[in-house]
Protein chains: 2
Amino acid sequence: MLVQKYKDMLSGKSVIRQLSEFATARGKEIGYENVFDYSLGNPSVPVPQEFTDIMITMLQKESSIALHGYSPSLGIPSVREKVAASLERRFGIPYRAEHIFMAVGAAGALAHAFRLVTEPGDEILTFAPFFPEYHPYVDLTGARLQVVPADTEQFQINFEAFEEMLSPKTMAVLINTPNNPSGIVYSAETLQKLAQVLRDKSVEYGHDIYLISDEPYREIVFDGVDAPCVSAYYDNTIMCYSFSKSLSLPGERIGYVAVNPACKDAADMVQMCGQISRGIGHNCPPSIIQLAVAEVLDKTAELSVYETNMNILYKELKALGFTCVKPDGTFYIFPKALEEDAKLFCEKALRYNLVLVPGDTFGCPGYFRMAYCIDTEKVERSLTALRQFVKAEYGA
Amino acid sequence: MLVQKYKDMLSGKSVIRQLSEFATARGKEIGYENVFDYSLGNPSVPVPQEFTDIMITMLQKESSIALHGYSPSLGIPSVREKVAASLERRFGIPYRAEHIFMAVGAAGALAHAFRLVTEPGDEILTFAPFFPEYHPYVDLTGARLQVVPADTEQFQINFEAFEEMLSPKTMAVLINTPNNPSGIVYSAETLQKLAQVLRDKSVEYGHDIYLISDEPYREIVFDGVDAPCVSAYYDNTIMCYSFSKSLSLPGERIGYVAVNPACKDAADMVQMCGQISRGIGHNCPPSIIQLAVAEVLDKTAELSVYETNMNILYKELKALGFTCVKPDGTFYIFPKALEEDAKLFCEKALRYNLVLVPGDTFGCPGYFRMAYCIDTEKVERSLTALRQFVKAEYGA
């Protein structure tokens with residue numbers, strides 16, 4: 001018999017994917033250049049040339065048996081060492097290879113982190129607005145994802161709601177900063193306060209509460225913004241990183257879990273990730289990609305286009321009267337819709353070939369997300385459509 | 001709190017890995033060329049040059065955004081089409097793209113297959129001798145792996161024991177042919193009989209029993225052996241394939257699930273794999289490796305060295321008086337030890353720098369495995385050590 005829970009999931013299609021499919025279909029009708037597709041968070045800039053060069057050199061020079069051989073299940077030792085050294089250099093935290101577990105992208109890293117610290121029935125708290133895939137990621141482990149309502153003023157943390165929702169069942173708190181979909185970076189003040197609550201509640205409940213920090217947008221931070229390192233604020237932090245966005249290679253599935261050396265049992269936790277892998281069929285990320293990424297750890301793709309796009313959009317949105325918190329990073333912006341029902345708002349936008357995603361999907365109704373990882377030229381052309389849309393539908 | 005079951009697993013070290021570590025340590029003492037390390041099943045031949053050439057050409061010519069972009073969660077459509085077409089061409093079964101789910105190696109493919117058809121408490125039967133990782137793979141899903149004792153005469157299936165162990169809780173049967181560790185291919189007769197039992201029991205129990213066919217050694221079959229295609233014998237077959245051995249790239253984590261088109265709900269099953277992925281953090285195998293492998297589907301690495309090695313070893317083992325079924329394929333051979341306790345036998349072999357793995361690990365005590373994916377020159381040199389060992393310890 002096929003397992004019903006997975007069969008049932010087939011009917012629930014992702015809103016983002018549906019919108020993206022609409023954009024593709026509409027593009028076939030009127031030319032894709034005329035569809036302003038802000039639906040998908042796919043990097044739009046090339047990988048650094050160094051990455052490509054290293055891949056080619058390895059393929060030309062290395063023994064293919066060594067190059068494509070099994071990686072140990074925790075990752076290739078030299079790669080783990082380089083990742084640890086890079087983290088120590090950047091954040092001043094004494095990471096060592098034993099704290100690093102190489103994972104197949106952020107999804108793989110999170111799959112391990114959740115299983116490390118929760119059993120079926122336990123709770124993980126996260127904060128709206130949040131990446132909607134967190135739901136299947138967590139729910140399918142048997143744990144439960146609980147969503148704390150958004151602080152819609154600043155998209156920091158709604159601490160009042162958070163403290164009400166914490167319970168002895170809370171084994172972990174999951175954050176994502178810089179944030180998808182708000183584009184906001186959690187401030188040092190927010191992280192300090194969060195850490196204090198977690199420390200207090202760990203004592204009160206008599207068990208550690210882990211902070212799982214999903215950081216795929218860490219390198220996409222805009223001018224003047226100070227993005228604090230989450231692990232520096234709270235000992236029991238499990239960092240989940242992906243190179244998908246920083247190096248523009250989401251398809252190659254490469255990232256890592258970095259357990260804060262200050263975690264009790266830090267090295268054991270990484271070893272446990274290796275055991276978790278056996279149950280969920282990972283084993284290791286691709287060897288050649290591990291080796292290539294290790295050579296460009298402190299590089300990024302040319303990410304400045306995202307800031308350029310953000311500035312253009314933010315300025316226009318404000319001029320059109322939108323309520324909107326200026327993004328600190330990522331390639332998302334999350335303005336308030338011009339009517340209460342953001343789904344209706346986004347539906348109307350489609351008439352102007354603007355593909356926007358309603359905030360309901362991110363646990364924050366009344367707002368909408370624009371993923372501006374598209375060409376700047378297209379962002380500029382989309383402004384006319386945006387103006388027409390707002391004027392015609394909302395008389396602004 | 002860290003999850004205890006994973007913590008507990010840290011103390012139980014794999015016998016194969018311990019032996020491999022012994023071989024490495026001993027190699028440092030006496031030179032690795034003097035250690036006859038038959039412990040690990042790592043391919044020892046280069047990838048086909050075509051694979052390397054295609055990788056380099058893509059890296060040089062393709063847009064990096066397209067090349068390294070997200071793969072849809074079921075795999076890149078053109079890759080799935082090519083895999084289906086290749087299977088149809090080779091086995092005459094009408095596979096289409098909708099029956100193919102690209103997975104991160106055989107471990108990833110199996111992780112999806114198990115979750116497709118079992119829930120916690122259900123049982124999966126497999127046959128000794130078997131790949132020991134099946135235990136954590138299955139057990140960590142919450143299902144239970146039950147091992148049917150071996151047919152030690154031919155290493156086909158012990159049907160008497162099998163039928164006794166089948167129960168209404170049996171949701172799937174897991175086979176591996178060509179087999180690790182025996183090297184044996186299940187005959188057409190075995191597969192026919194197995195299919196008939198499964199059909200009968202599916203009717204009797206009122207639910208389908210799925211056949212999960214783990215086929216990473218499919219292309220390593222020796223001269224004169226006819227390796228029947230499992231899916232041709234039983235409709236409800238879920239094929240789990242990996243390119244690790246056929247193309248010699250185990251580190252790149254690429255394989256697939258192919259659901260027999262004759263399965264009820266075949267296309268739904270592949271879609272369900274996409275949902276399972278969300279829970280276990282896969283998403284897709286690396287894009288560039290998918291694209292490269294799709295161009296060499298009908299090629300293999302130069303696998304003939306494995307047959308050469310097998311013939312040398314088989315001849316010598318027989319000459320030394322070992323009971324041994326001649327392998328049909330893979331790079332394993334599984335002779336009977338010269339004393340009842342194969343662990344003791346393998347311990348004694350270490351004195352002669354022969355690293356052999358006791359059959360207990362594979363659910364078949366009294367036998368031992370040699371993984372002869374090493375240089376032929378070394379196989380030849382190992383014969384002297386083998387003769388000395390047998391003569392000194394067993395007076396043969």
# chains A, B, ... in the order shown; residues from 1 in each chain; ligands from 1
>>> residues_around(residues="segment 339-348 of chain A", least_positions_apart="5", cutoff="6 Å", atoms="only C-alpha atoms", output="list in words")
Leu356, Pro358, Gly366 and Tyr367 of chain A
>>> write_last_selection(atoms="N, CA, C and O atoms", output="mmCIF file, in the first residue's frame")
data_model
loop_
_atom_site.group_PDB
_atom_site.id
_atom_site.type_symbol
_atom_site.label_atom_id
_atom_site.label_comp_id
_atom_site.auth_asym_id
_atom_site.auth_seq_id
_atom_site.Cartn_x
_atom_site.Cartn_y
_atom_site.Cartn_z
ATOM 1 N N LEU A 356 3.342 38.331 -8.287
ATOM 2 C CA LEU A 356 3.682 38.606 -6.881
ATOM 3 C C LEU A 356 3.148 37.452 -6.038
ATOM 4 O O LEU A 356 2.188 36.798 -6.428
ATOM 5 N N PRO A 358 1.403 36.191 -2.534
ATOM 6 C CA PRO A 358 0.712 36.663 -1.334
ATOM 7 C C PRO A 358 1.408 36.211 -0.046
ATOM 8 O O PRO A 358 1.903 35.090 0.043
ATOM 9 N N GLY A 366 -1.882 39.732 4.187
ATOM 10 C CA GLY A 366 -1.959 41.179 4.013
ATOM 11 C C GLY A 366 -0.693 41.776 3.407
ATOM 12 O O GLY A 366 -0.668 42.959 3.061
ATOM 13 N N TYR A 367 0.334 40.950 3.253
ATOM 14 C CA TYR A 367 1.589 41.405 2.644
ATOM 15 C C TYR A 367 1.836 40.589 1.369
ATOM 16 O O TYR A 367 1.102 39.641 1.083
#
>>> interface_residues(of="chain B", to="chain A", cutoff="7 Å", atoms="only C-alpha atoms", output="ChimeraX atom specification")
/B:1-3,6-7,9-10,44-47,52,56,59,64-65,68-71,104,107-108,111,116-119,136-138,140-141,207-208,249-253,272,275-276,278-282,286-288
>>> atom_distance(atom1="atom CA of Tyr256 of chain B", atom2="atom CA of Met102 of chain B")
4.2 Å
>>> select_by_dssp(residues="segment 143-364 of chain B", states="helix (DSSP H, G or I)", output="ChimeraX atom specification")
/B:159-165,188-205,230-232,250-252,266-280,287-293,304-319,342-350,359-362
>>> residues_around(residues="Pro77 of chain A", least_positions_apart="3", cutoff="12 Å", atoms="only C-alpha atoms", output="JSON, numbers by chain")
{"A": [71, 72, 73, 74, 80, 81, 82, 83, 84, 96, 97, 98, 99, 100, 101, 102, 284, 287, 290, 291, 294]}
>>> closest_atom_pairs(of="segment 274-357 of chain A", to="segment 15-30 of chain A", cutoff="9 Å", atoms="only C-alpha atoms", output="Markdown table")
| residue | atom | partner | partner_atom | distance |
| --- | --- | --- | --- | --- |
| A:Leu350 | CA | A:Ala23 | CA | 9.0 |
| A:Asn353 | CA | A:Ala23 | CA | 8.0 |
| A:Leu354 | CA | A:Ala23 | CA | 8.8 |
| A:Val355 | CA | A:Leu19 | CA | 6.8 |
| A:Leu356 | CA | A:Leu19 | CA | 7.9 |
| A:Val357 | CA | A:Ile16 | CA | 6.5 |
>>> closest_residue(among="A:Ala292, A:Thr384, A:Glu123, A:Asp328", to="Ser78 of chain A", atoms="only C-alpha atoms")
A:Ala292
>>> atom_distance(atom1="atom CA of Arg199 of chain A", atom2="atom CA of Pro168 of chain A")
13.2 Å
